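Data block below; observations after.
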Amino acid sequence: MTTAIPTASTPLGVGLPDPELIARLANELFAALPGHPQDALPKAPAEETFNASGVPGAQVFPADSGPFAVPGEAQLRALPASLAVPQGPVGAAELPGTPKLPYIPGFYFLDQGQSVPATNPAVPGAHAFGLGDGVPGLETDARPFDPHAVRRDFPILSEQVHGKPLVWLDNGATTQKPQSVIDRLSYYYAHENSNIHRAAHELAARSTDAYEGAREKVRRFVNAPSPRNIVFVRGSTEGINLVAKSWGHRNVGKDDEVVITWLEHHANIVPWQQLCAEKGAILRVAPVDDRGQVILEEYEKLLGPRTRIVSLTHVSNALGTITPAREMVAMAHRHGARVLVDGAQSVPHKRIDVQDLDCDWFVFSGHKMFAPTGIGAVYGKEDLLNETPPWQGGGNMIVDVTFEKTVYQPAPARFEAGTGNIADAVGLGAAIDYLERIGMENISRYEHVLLEYATELLNRVPGLRIYGTAREKAGVLSFTLAGFESEEVGKALDREGIAVRAGHHCAQPILRRFGVETTVRASLALYNTCEDIDALVAALLNIRSERGG
Ligand code: C6P
């Protein structure tokens, strides 16, 4: 179904700005689109949420634990190109024209008979919390992935900001928390709070079980062989520093080389720069092409006998590029180098398998995957962790202390000196339960549909340029709007209740590679919808119209 875009008597960009007209035309534009891809997904019942509270006795339990279904590549088909927005005379200079991309937003159909396999294998102890472990017999009973039902799990998404409904598009900075994570934290403090590993009393046992249970969930989430591979840290930044300042300090020497890519976040540049400066080592940087993809031939040329470590991002926070991490790890290993993968931006969006990646370390932050702030993890190969000296000393990480010497615990305790962030580790476990209940494959596929929809619409906003067009891309839309500072756009969007990040995204080198100091960044998560994208695009059109552009 198409709707003709009406002819305007005041052509946009030529006559006086008319916000009402812009708003009406924006509405017409959206109406003329063939539909929101998400609308073709089966709907969950209005009252249903996907929350698994993770708290014994809590009421917010899902009706069942069946697998979810979203359209997969084989299941999707776009409507014919004739449904693309027609070119019209209306404000021809300004109104978006026909789609430039081969992708045409359209209706998608889900073969109702198909189901996505259960992703959450039975977990010992999960029943105690009523969590979404695979329930035998439900595998063929596909339940819909309904982003609106997902949204109901996140109380903050019902907030009003400046009198407008909150549109949270700053997920790259941090994600919002589902009720199950919030409940799990209060349950911990109400019933389990104690220091861990240190006492014979009941609460110490409860908190230790909860903390170590969370470690097991992280192990399962990244498919590590053992919980001994998982070290709790504050987040990705601390994880990278741990490796640089412990393993790096011991193993990188004068004239050795450390390789990173142009895509890196400052957290994956500065610790290596510091290490190189201290040791007289050399930092080498693999370049990217104009789409923001690592140029593998150039990367390979940087690898050699002096390369001690490669540290690369899995997903770029500034551009959204998904790097060919598995291939890059293998290439580095062929040269005898160790590899750290920064998973800060990949964990909320795609299934992680550290054994398949074969990386030596993998770091991530809980707060970017719906868990609390101040907690994250380092996965490390066990022998590597155990041959690496601790980077901090204190309680919890020792076997024996005399004034002459200290014997350290094996991993992971040797890297967890002092009282850790126990409650938030437990909260991270609850976030993992939540994600696994929905299924990471389902999340990836849904976000991909959303990314394509958003890319299509944003490309129609006059003067808007998207940075980062990698073939493999996660839900990050980094853009500039001609004639506007990024901060100005960010503030104007905020007035509409739309939260994006505007600035350098702690990734200055890659923005400068594209000739800009700042961009506006909208970053997606599983609870975002096409309506969120529509709101963003309408607000951007308004911003332009207010300036008379
Ligand atoms: N990027 C962003 O808005 P911490 O702060 O330790 O949780 O994560 C650091 C970090 C490391 N690597 C990548 C790829 C990242 O994106 C981040 C955090 C946020 O893009 C905050 S600057």
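Every chain in the structure tokens has a letter given in the order shown (A, B, ...), and although residue numbers restart at 1 in each chain, ligands are simply numbered from 1 in the order shown.
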
Exercise. Go through the chains and note each residue within 10 Å of ligand 1, using only C-alpha atoms and all ligand atoms, then give the set as an MDAnalysis selection string.
Key: chainID A and resid 170:174 233:241 263:269 312:320 341:346 363:368 373:376 476 500:507 521 523

File dump, residues just selected, C-alpha atoms, as a PDB file, in the first residue's frame:
ATOM      1  CA  ASP A 170      22.127   5.579  23.814  1.00  0.00           C
ATOM      2  CA  ASN A 171      22.639   1.881  24.357  1.00  0.00           C
ATOM      3  CA  GLY A 172      26.274   2.007  23.266  1.00  0.00           C
ATOM      4  CA  ALA A 173      26.965   4.130  26.332  1.00  0.00           C
ATOM      5  CA  THR A 174      24.874   2.002  28.651  1.00  0.00           C
ATOM      6  CA  VAL A 233      36.348  -6.814  37.031  1.00  0.00           C
ATOM      7  CA  ARG A 234      34.626  -3.410  36.935  1.00  0.00           C
ATOM      8  CA  GLY A 235      34.213  -3.508  33.185  1.00  0.00           C
ATOM      9  CA  SER A 236      36.015  -3.564  29.850  1.00  0.00           C
ATOM     10  CA  THR A 237      38.378  -0.748  30.755  1.00  0.00           C
ATOM     11  CA  GLU A 238      39.564  -2.507  33.869  1.00  0.00           C
ATOM     12  CA  GLY A 239      39.787  -5.799  31.991  1.00  0.00           C
ATOM     13  CA  ILE A 240      42.081  -4.359  29.322  1.00  0.00           C
ATOM     14  CA  ASN A 241      44.193  -2.640  31.971  1.00  0.00           C
ATOM     15  CA  LEU A 263      38.557   1.313  15.354  1.00  0.00           C
ATOM     16  CA  GLU A 264      39.564   1.136  18.988  1.00  0.00           C
ATOM     17  CA  HIS A 265      37.919   2.859  21.901  1.00  0.00           C
ATOM     18  CA  HIS A 266      40.342   4.869  24.045  1.00  0.00           C
ATOM     19  CA  ALA A 267      40.149   2.059  26.611  1.00  0.00           C
ATOM     20  CA  ASN A 268      41.890  -0.166  24.074  1.00  0.00           C
ATOM     21  CA  ILE A 269      44.473   2.431  23.047  1.00  0.00           C
ATOM     22  CA  LEU A 312      41.118  -5.518  18.831  1.00  0.00           C
ATOM     23  CA  THR A 313      37.529  -4.539  19.221  1.00  0.00           C
ATOM     24  CA  HIS A 314      34.799  -7.011  18.342  1.00  0.00           C
ATOM     25  CA  VAL A 315      32.333  -4.245  17.476  1.00  0.00           C
ATOM     26  CA  SER A 316      33.298  -0.599  16.996  1.00  0.00           C
ATOM     27  CA  ASN A 317      31.413   1.697  19.356  1.00  0.00           C
ATOM     28  CA  ALA A 318      31.744   4.666  17.001  1.00  0.00           C
ATOM     29  CA  LEU A 319      30.903   3.025  13.660  1.00  0.00           C
ATOM     30  CA  GLY A 320      29.242  -0.271  14.490  1.00  0.00           C
ATOM     31  CA  VAL A 341      39.170  -9.144  22.038  1.00  0.00           C
ATOM     32  CA  ASP A 342      37.294  -6.142  23.441  1.00  0.00           C
ATOM     33  CA  GLY A 343      33.692  -7.339  23.565  1.00  0.00           C
ATOM     34  CA  ALA A 344      32.208  -4.230  25.200  1.00  0.00           C
ATOM     35  CA  GLN A 345      29.929  -3.568  22.229  1.00  0.00           C
ATOM     36  CA  SER A 346      29.376  -7.125  21.039  1.00  0.00           C
ATOM     37  CA  VAL A 363      36.670  -8.543  28.059  1.00  0.00           C
ATOM     38  CA  PHE A 364      33.237  -6.995  28.480  1.00  0.00           C
ATOM     39  CA  SER A 365      31.164  -4.681  30.679  1.00  0.00           C
ATOM     40  CA  GLY A 366      27.922  -5.753  32.332  1.00  0.00           C
ATOM     41  CA  HIS A 367      26.244  -2.366  32.045  1.00  0.00           C
ATOM     42  CA  LYS A 368      26.180  -2.563  28.254  1.00  0.00           C
ATOM     43  CA  THR A 373      27.358  -0.701  36.282  1.00  0.00           C
ATOM     44  CA  GLY A 374      30.671  -1.505  37.950  1.00  0.00           C
ATOM     45  CA  ILE A 375      30.775  -5.148  36.958  1.00  0.00           C
ATOM     46  CA  GLY A 376      32.236  -6.935  33.964  1.00  0.00           C
ATOM     47  CA  VAL A 476      25.165   1.799  15.662  1.00  0.00           C
ATOM     48  CA  VAL A 500      21.574   9.764  21.815  1.00  0.00           C
ATOM     49  CA  ARG A 501      25.256  10.344  22.380  1.00  0.00           C
ATOM     50  CA  ALA A 502      26.834  13.359  20.729  1.00  0.00           C
ATOM     51  CA  GLY A 503      30.597  13.814  20.857  1.00  0.00           C
ATOM     52  CA  HIS A 504      33.735  11.825  20.135  1.00  0.00           C
ATOM     53  CA  HIS A 505      32.494   8.597  21.746  1.00  0.00           C
ATOM     54  CA  CYS A 506      35.909   8.036  23.371  1.00  0.00           C
ATOM     55  CA  ALA A 507      37.132   6.993  19.940  1.00  0.00           C
ATOM     56  CA  ARG A 521      25.323   8.377  17.636  1.00  0.00           C
ATOM     57  CA  SER A 523      22.771   2.970  19.209  1.00  0.00           C
TER      58      SER A 523
END

Practice problem: Kindly give the distance, in Å, that separates CA of His349 in chain A and CA of Asn442 in chain A, rounded to a single decimal. | Solution: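 These two atoms are separated by 9.5 Å.
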
Self-check item: Distance criterion (only C-alpha atoms): nearest to Gly429 in chain A out of A:Val259, A:Leu169, A:Ala214, A:Ile309
Solution: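 Between A:Val259, A:Leu169, A:Ala214, A:Ile309, the residue approaching Gly429 in chain A most closely is A:Ala214.
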
Self-check item: Coordinates-based distance that separates CA of Lys350 in chain A from CA of Gly439 in chain A (Å, one decimal)
Solution: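 CA of Lys350 in chain A lies 9.4 Å from CA of Gly439 in chain A.
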
Quiz item: Separation of CA of Asp353 in chain A and CA of Glu436 in chain A, in Å?
Solution: 13.8 Å

Quiz item: Quick one: of A:Arg291, A:Arg219, A:Arg437, A:Lys473, who's nearest to Leu450 in chain A, counting only C-alpha atoms?
Solution: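 Smallest separation from Leu450 in chain A among the options: A:Lys473.
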
Quiz prompt | Of the listed residues A:Trp168, A:Ala377, A:Ile432, A:Asn542, that which approaches Gly420 in chain A most closely, counting only C-alpha atoms | solution = A:Ala377

Quiz item: Could you write out, as an MDAnalysis selection string, all the residues of range 119-248 of chain A that DSSP marks as helix (DSSP H, G or I)?
Solution: chainID A and resid 126:129 147:152 155:158 179:192 202:222 227:229 236:248

Who sits within 10 Å of range 224-229 of chain A, only C-alpha atoms, same chain under 5 positions skipped, as a tab-separated table (two decimals) with N, CA and C atoms, in the first residue's frame:
chain	number	residue	atom	x	y	z
A	212	GLU	N	29.33	-17.03	42.91
A	212	GLU	CA	29.94	-18.07	42.08
A	212	GLU	C	28.93	-18.59	41.04
A	213	GLY	N	27.65	-18.54	41.41
A	213	GLY	CA	26.62	-18.90	40.43
A	213	GLY	C	26.65	-17.94	39.25
A	214	ALA	N	26.90	-16.67	39.54
A	214	ALA	CA	26.98	-15.67	38.46
A	214	ALA	C	28.20	-15.94	37.59
A	215	ARG	N	29.27	-16.37	38.21
A	215	ARG	CA	30.49	-16.68	37.42
A	215	ARG	C	30.17	-17.83	36.44
A	216	GLU	N	29.44	-18.81	36.93
A	216	GLU	CA	29.08	-19.93	36.06
A	216	GLU	C	28.19	-19.45	34.90
A	217	LYS	N	27.30	-18.49	35.20
A	217	LYS	CA	26.44	-17.97	34.12
A	217	LYS	C	27.28	-17.23	33.07
A	218	VAL	N	28.27	-16.48	33.53
A	218	VAL	CA	29.15	-15.79	32.58
A	218	VAL	C	29.90	-16.83	31.75
A	219	ARG	N	30.39	-17.86	32.41
A	219	ARG	CA	31.10	-18.93	31.69
A	219	ARG	C	30.24	-19.47	30.55
A	352	ILE	N	28.34	-15.00	21.91
A	352	ILE	CA	29.80	-15.02	22.03
A	352	ILE	C	30.25	-16.45	22.32
A	353	ASP	N	31.27	-16.88	21.60
A	353	ASP	CA	31.85	-18.19	21.85
A	353	ASP	C	33.37	-18.01	21.87
A	354	VAL	N	33.92	-17.88	23.07
A	354	VAL	CA	35.35	-17.57	23.15
A	354	VAL	C	36.20	-18.73	22.64
A	355	GLN	N	35.66	-19.94	22.71
A	355	GLN	CA	36.45	-21.08	22.23
A	355	GLN	C	36.49	-21.07	20.71
A	356	ASP	N	35.38	-20.67	20.11
A	356	ASP	CA	35.36	-20.57	18.65
A	356	ASP	C	36.25	-19.41	18.19
A	361	TRP	N	42.18	-13.60	25.52
A	361	TRP	CA	41.36	-12.91	26.51
A	361	TRP	C	40.16	-12.31	25.79
A	377	ALA	N	33.67	-8.65	33.08
A	377	ALA	CA	34.48	-9.85	33.22
A	377	ALA	C	35.60	-9.89	32.20
A	378	VAL	N	36.64	-10.61	32.58
A	378	VAL	CA	37.71	-10.99	31.65
A	378	VAL	C	37.64	-12.50	31.53
A	379	TYR	N	37.50	-12.97	30.30
A	379	TYR	CA	37.74	-14.40	30.05
A	379	TYR	C	39.22	-14.51	29.70
A	380	GLY	N	39.90	-15.49	30.25
A	380	GLY	CA	41.29	-15.73	29.86
A	380	GLY	C	41.54	-17.22	29.77
A	381	LYS	N	42.43	-17.62	28.87
A	381	LYS	CA	42.81	-19.04	28.82
A	381	LYS	C	43.47	-19.39	30.16
A	382	GLU	N	43.13	-20.55	30.65
A	382	GLU	CA	43.48	-20.83	32.04
A	382	GLU	C	45.00	-20.85	32.29
A	383	ASP	N	45.75	-21.51	31.41
A	383	ASP	CA	47.20	-21.56	31.65
A	383	ASP	C	47.79	-20.16	31.61
A	384	LEU	N	47.26	-19.36	30.71
A	384	LEU	CA	47.75	-17.99	30.56
A	384	LEU	C	47.46	-17.18	31.83
A	385	LEU	N	46.25	-17.32	32.34
A	385	LEU	CA	45.92	-16.59	33.58
A	385	LEU	C	46.84	-17.03	34.71
A	386	ASN	N	47.09	-18.32	34.79
A	386	ASN	CA	47.86	-18.82	35.92
A	386	ASN	C	49.35	-18.54	35.82
A	410	PRO	N	45.34	-19.66	42.47
A	410	PRO	CA	45.22	-19.73	41.00
A	410	PRO	C	44.08	-18.82	40.53
A	411	ALA	N	43.96	-18.71	39.21
A	411	ALA	CA	42.85	-17.91	38.64
A	411	ALA	C	41.52	-18.59	38.99
A	412	PRO	N	40.47	-17.84	39.17
A	412	PRO	CA	40.39	-16.39	38.97
A	412	PRO	C	40.74	-15.57	40.21
A	413	ALA	N	40.82	-16.23	41.40
A	413	ALA	CA	40.97	-15.45	42.63
A	413	ALA	C	42.21	-14.58	42.62

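Of the residues listed (A:Lys301, A:Arg445, A:Arg250, A:Arg512), A:Arg445 shows the shortest atom-to-atom separation from Arg351 in chain A; distances use only C-alpha atoms.
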
Quiz prompt | Exercise: Lys245 in chain A partners within 12 Å, only C-alpha atoms, chain neighbours under 5 positions left out, as a list of chain:residue names | solution = A:Thr237, A:Glu238, A:Gly239, A:Ile240, A:Arg250, A:Asn251, A:Val252, A:Val270, A:Pro271, A:Trp272, A:Gln273, A:Gln274, A:Leu275, A:Cys276, A:Glu278, A:Lys279, A:Thr388, A:Pro389, A:Pro390, A:Trp391, A:Gln392, A:Phe415

Could those residues be written to a file, using N, CA, C and O atoms, as a compact mmCIF listing (two decimals), in the first residue's frame?
# COMPACT_ATOMS: atom_id res chain seq x y z
N THR A 237 37.18 -1.56 30.54
CA THR A 237 38.38 -0.75 30.76
C THR A 237 39.29 -1.42 31.76
O THR A 237 40.51 -1.56 31.52
N GLU A 238 38.73 -1.86 32.86
CA GLU A 238 39.56 -2.51 33.87
C GLU A 238 40.12 -3.83 33.34
O GLU A 238 41.26 -4.19 33.61
N GLY A 239 39.32 -4.53 32.55
CA GLY A 239 39.79 -5.80 31.99
C GLY A 239 41.00 -5.61 31.09
O GLY A 239 41.98 -6.37 31.17
N ILE A 240 40.95 -4.60 30.23
CA ILE A 240 42.08 -4.36 29.32
C ILE A 240 43.31 -3.93 30.13
O ILE A 240 44.43 -4.39 29.89
N ARG A 250 54.85 -8.11 32.02
CA ARG A 250 55.85 -9.17 32.07
C ARG A 250 56.34 -9.59 30.68
O ARG A 250 57.50 -9.97 30.51
N ASN A 251 55.48 -9.51 29.68
CA ASN A 251 55.80 -10.15 28.40
C ASN A 251 56.13 -9.21 27.24
O ASN A 251 56.53 -9.68 26.17
N VAL A 252 55.94 -7.92 27.43
CA VAL A 252 56.27 -6.98 26.34
C VAL A 252 57.54 -6.23 26.74
O VAL A 252 57.61 -5.67 27.83
N VAL A 270 44.84 3.57 25.13
CA VAL A 270 45.69 4.20 26.17
C VAL A 270 46.50 3.19 26.99
O VAL A 270 47.71 3.38 27.18
N PRO A 271 45.92 2.09 27.48
CA PRO A 271 46.74 1.16 28.28
C PRO A 271 47.92 0.59 27.48
O PRO A 271 48.99 0.37 28.03
N TRP A 272 47.73 0.41 26.17
CA TRP A 272 48.81 -0.12 25.33
C TRP A 272 49.86 0.95 25.05
O TRP A 272 51.06 0.66 25.00
N GLN A 273 49.39 2.18 24.89
CA GLN A 273 50.32 3.29 24.72
C GLN A 273 51.19 3.43 25.97
O GLN A 273 52.41 3.61 25.89
N GLN A 274 50.54 3.34 27.12
CA GLN A 274 51.27 3.46 28.39
C GLN A 274 52.31 2.34 28.50
O GLN A 274 53.46 2.57 28.88
N LEU A 275 51.88 1.14 28.14
CA LEU A 275 52.79 -0.01 28.23
C LEU A 275 53.99 0.19 27.29
O LEU A 275 55.15 -0.02 27.67
N CYS A 276 53.69 0.61 26.06
CA CYS A 276 54.76 0.80 25.07
C CYS A 276 55.74 1.89 25.53
O CYS A 276 56.96 1.74 25.40
N GLU A 278 56.39 2.77 28.54
CA GLU A 278 57.17 2.28 29.69
C GLU A 278 58.25 1.30 29.25
O GLU A 278 59.37 1.30 29.77
N LYS A 279 57.92 0.46 28.27
CA LYS A 279 58.82 -0.62 27.91
C LYS A 279 59.69 -0.31 26.68
O LYS A 279 60.54 -1.12 26.31
N THR A 388 50.34 -15.67 34.72
CA THR A 388 50.42 -14.21 34.76
C THR A 388 50.41 -13.75 36.22
O THR A 388 49.57 -14.20 36.99
N PRO A 389 51.33 -12.86 36.58
CA PRO A 389 51.32 -12.39 37.97
C PRO A 389 50.11 -11.52 38.26
O PRO A 389 49.60 -10.85 37.35
N PRO A 390 49.62 -11.52 39.49
CA PRO A 390 48.50 -10.65 39.83
C PRO A 390 48.89 -9.18 39.62
O PRO A 390 50.07 -8.84 39.69
N TRP A 391 47.90 -8.37 39.36
CA TRP A 391 48.23 -6.94 39.18
C TRP A 391 47.88 -6.13 40.42
O TRP A 391 48.31 -5.00 40.56
N GLN A 392 47.09 -6.70 41.32
CA GLN A 392 46.78 -6.03 42.58
C GLN A 392 46.93 -7.06 43.69
O GLN A 392 46.64 -8.24 43.48
N PHE A 415 43.28 -12.67 40.58
CA PHE A 415 43.02 -11.34 39.99
C PHE A 415 41.84 -10.62 40.65
O PHE A 415 41.36 -9.62 40.13
